[in-house]
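Read through the structure below, which is laid out as structure tokens, and then see the notes.
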Amino acid sequence: PRVAVIVVAAGSGQRLDAGAPKAFVGLDAHSILRHALRGVFAGPPAQVIVVAPADRLGDALTDAHEAAGDLRDLAVVVPGGHTRQASVAAGLKAVWPDVEIVLVHDAARALTPPAVFERVVAAVAAGRDAVIPALPVVDTLKRVDGPAVTAAVDRAALAAAQTPQGFRRDILETAYRVASAEHTDDAALVQAAGFPVFTVPGDELSFKITTPADLDRARGLVGSAVP
Ligand code: CTP
Ligand code: MG
């Protein structure tokens with residue numbers, strides 16, 4: 001395929017603290033990773049590269065094959081690194097030669113709808129170098145200095161970034177080659193390398209499972225059969 005999706009799932013999940021690496025925590029009978037991959041395989045045809053903890057490669061391959069069904073030949077599993085950025089870099093090395101568009105997705109955003117993958121791929125295919133799904137900020141935000149509020153922040157000028165983030169393959173590879181610092185997401189890394197980044201609409205269901213409250217929310221949504 002022309003598209004690859006790197007699903008980063010190599011984190012430990014310290015904030016979730018659920019007794020297992022986060023991607024392998026269950027939402028129902030199925031893990032966070034398995035749910036995330038269901039959304040990925042329901043999106044545009046793509047090579048799917050799962051980046052997993054080194055001691056969980058077999059579990060990750062099982063989840064990938066179960067989620068892939070007939071598409072199992074498109075699934076690849078590689079070991080991750082000590083940071084998210086190192087894990088993405090490891091995934092990037094496994095992208096097949098014919099791929100032109102690379103998406104990077106957090107397994108922790110397990111309920112991301114397939115339509116978001118479609119939107120991101122479509123925007124890159126239409127000519128954008130780098131595309132992220134984003135949502136308007138709903139909270140009233142303040143700039144602070146310790147306990148003191150120093151300024152109001154215009155939330156209309158802000159957006160909350162999600163994944164999958166999509167890139168022209170050559171641009172993402174260049175940005176990773178020249179990266180000299182740790183960035184919180186791939187869009188920041190690509191922007192630091194001098195490339196423009198654009199948004200497409202995100203989705204409320206793409207929230208990242210980070211805390212126990214997020215896990216409860218995801219389990220409730222799966223239980224009520226929304227995704
Ligand atoms: N990730 C990764 N490799 C790492 C760190 C993170 O592949 N070394 C992945 C996680 O598996 C997750 C995504 O990046 O799908 C977003 O990271 P985060 O939500 O912070 O997950 P964890 O790092 O596992 O959680 P925590 O920070 O609470 O330990
Ligand atoms: Mg983390």
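Ligands are numbered from 1 in the order shown, residues from 1 within each chain, and chains are lettered A, B, ... in the order they appear in the structure tokens.
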
Contacts of stretch 48-61 of chain A at 6 Å (only C-alpha atoms; same-chain gap of 5+ positions) as a ChimeraX atom specification = /A:4-10,74-80

Take the residues that were just selected and, keeping C-alpha atoms, output them as a PDB file, in the first residue's frame.
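Saved file out_37.pdb follows:
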```
ATOM      1  CA  ALA A   4       1.729   2.945   6.587  1.00  0.00           C
ATOM      2  CA  VAL A   5       0.350   3.447  10.098  1.00  0.00           C
ATOM      3  CA  ILE A   6       2.850   3.251  12.964  1.00  0.00           C
ATOM      4  CA  VAL A   7       0.934   2.383  16.131  1.00  0.00           C
ATOM      5  CA  VAL A   8       3.088   3.196  19.156  1.00  0.00           C
ATOM      6  CA  ALA A   9       2.298   0.837  22.018  1.00  0.00           C
ATOM      7  CA  ALA A  10       5.647   0.450  23.790  1.00  0.00           C
ATOM      8  CA  LEU A  74      -0.069  -6.086   6.381  1.00  0.00           C
ATOM      9  CA  ALA A  75       0.858  -6.304  10.082  1.00  0.00           C
ATOM     10  CA  VAL A  76       4.424  -5.937  11.357  1.00  0.00           C
ATOM     11  CA  VAL A  77       5.593  -5.813  15.002  1.00  0.00           C
ATOM     12  CA  VAL A  78       8.847  -4.185  16.141  1.00  0.00           C
ATOM     13  CA  PRO A  79      10.322  -3.423  19.596  1.00  0.00           C
ATOM     14  CA  GLY A  80      10.096   0.146  20.902  1.00  0.00           C
TER      15      GLY A  80
END
```

inquiry  = Taking only stretch 10-137 of chain A into account, list the residues labelled helix (DSSP H, G or I) by DSSP (computed from the backbone), as a count of residues only.
reply    = 55

task = Have a look at A:Leu141, A:Ala126, A:Leu215, A:Ala42 and name the one nearest to A:Asp70; count only C-alpha atoms.
result = A:Ala42

message = Using only C-alpha atoms and all ligand atoms, which residues of the polymer chains come no farther than 6 Å from ligand 1? I'd like the answer as number ranges by chain.
response = A: 8-16, 22, 51, 80-84, 87, 106-108, 210

May I have the residues from that selection written out with N, CA and C atoms, as a CSV table (one decimal), in the first residue's frame?
```
chain,number,residue,atom,x,y,z
A,8,VAL,N,2.1,3.3,18.1
A,8,VAL,CA,3.1,3.2,19.2
A,8,VAL,C,2.4,2.7,20.4
A,9,ALA,N,2.9,1.6,20.9
A,9,ALA,CA,2.3,0.8,22.0
A,9,ALA,C,3.4,0.3,23.0
A,10,ALA,N,4.5,1.0,23.0
A,10,ALA,CA,5.6,0.4,23.8
A,10,ALA,C,5.8,1.1,25.2
A,11,GLY,N,4.9,2.0,25.5
A,11,GLY,CA,4.9,2.6,26.8
A,11,GLY,C,4.6,1.7,28.0
A,12,SER,N,4.9,2.2,29.2
A,12,SER,CA,4.6,1.3,30.3
A,12,SER,C,3.3,1.7,31.0
A,13,GLY,N,2.8,2.9,30.8
A,13,GLY,CA,1.5,3.3,31.4
A,13,GLY,C,1.7,3.6,32.9
A,14,GLN,N,2.6,4.3,33.2
A,14,GLN,CA,2.9,4.7,34.7
A,14,GLN,C,1.7,5.4,35.3
A,15,ARG,N,1.1,6.3,34.5
A,15,ARG,CA,0.0,7.1,35.1
A,15,ARG,C,-1.3,6.2,35.2
A,16,LEU,N,-1.4,5.3,34.3
A,16,LEU,CA,-2.6,4.4,34.4
A,16,LEU,C,-2.4,3.4,35.6
A,22,LYS,N,0.4,-0.5,29.4
A,22,LYS,CA,-0.9,0.1,29.1
A,22,LYS,C,-1.6,-0.6,27.9
A,51,VAL,N,4.5,-0.9,17.4
A,51,VAL,CA,5.7,-0.8,18.1
A,51,VAL,C,5.4,-1.2,19.6
A,80,GLY,N,10.0,-1.3,20.7
A,80,GLY,CA,10.1,0.1,20.9
A,80,GLY,C,11.3,0.6,21.6
A,81,GLY,N,11.4,1.9,22.0
A,81,GLY,CA,12.5,2.5,22.7
A,81,GLY,C,12.1,3.1,24.0
A,82,HIS,N,13.0,3.8,24.6
A,82,HIS,CA,12.8,4.3,26.0
A,82,HIS,C,11.9,5.6,26.0
A,83,THR,N,11.7,6.2,24.9
A,83,THR,CA,10.8,7.4,24.8
A,83,THR,C,9.8,7.1,23.6
A,84,ARG,N,8.7,7.9,23.6
A,84,ARG,CA,7.8,7.8,22.5
A,84,ARG,C,8.5,8.1,21.2
A,87,SER,N,10.4,5.2,20.0
A,87,SER,CA,9.6,4.2,19.5
A,87,SER,C,9.1,4.5,18.1
A,106,ASP,N,-1.2,6.8,18.5
A,106,ASP,CA,-1.1,6.3,19.9
A,106,ASP,C,-2.0,5.1,20.1
A,107,ALA,N,-1.5,4.0,20.4
A,107,ALA,CA,-2.4,2.9,20.8
A,107,ALA,C,-3.4,3.3,21.9
A,108,ALA,N,-2.9,4.2,22.8
A,108,ALA,CA,-3.7,4.6,23.9
A,108,ALA,C,-4.9,5.4,23.5
A,210,THR,N,-5.1,7.8,29.6
A,210,THR,CA,-3.9,8.2,30.3
A,210,THR,C,-4.1,7.8,31.8
```

inquiry  = Residues near A:Thr199, anyone? I mean within 8 Å using only C-alpha atoms, not counting same-chain ones fewer than 5 positions away, as a list in words.
reply    =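 Selected residues are Val131, Ile132, Pro133 and Ala134 of chain A.
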
message = Nearest residue to ligand 2 out of A:Ala161, A:Val190, A:Leu103, A:Ile209, using only C-alpha atoms and all ligand atoms?
response = A:Ile209

key: Using only C-alpha atoms: which of A:Ala130, A:Ala193, A:Ala151, A:Gln162 has the shortest distance to A:Tyr176   = A:Ala193

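With only C-alpha atoms as the basis for measurement, A:Leu189 is the residue among A:Leu71, A:Leu189, A:Val40, A:Leu111 that approaches A:Ala89 most closely.
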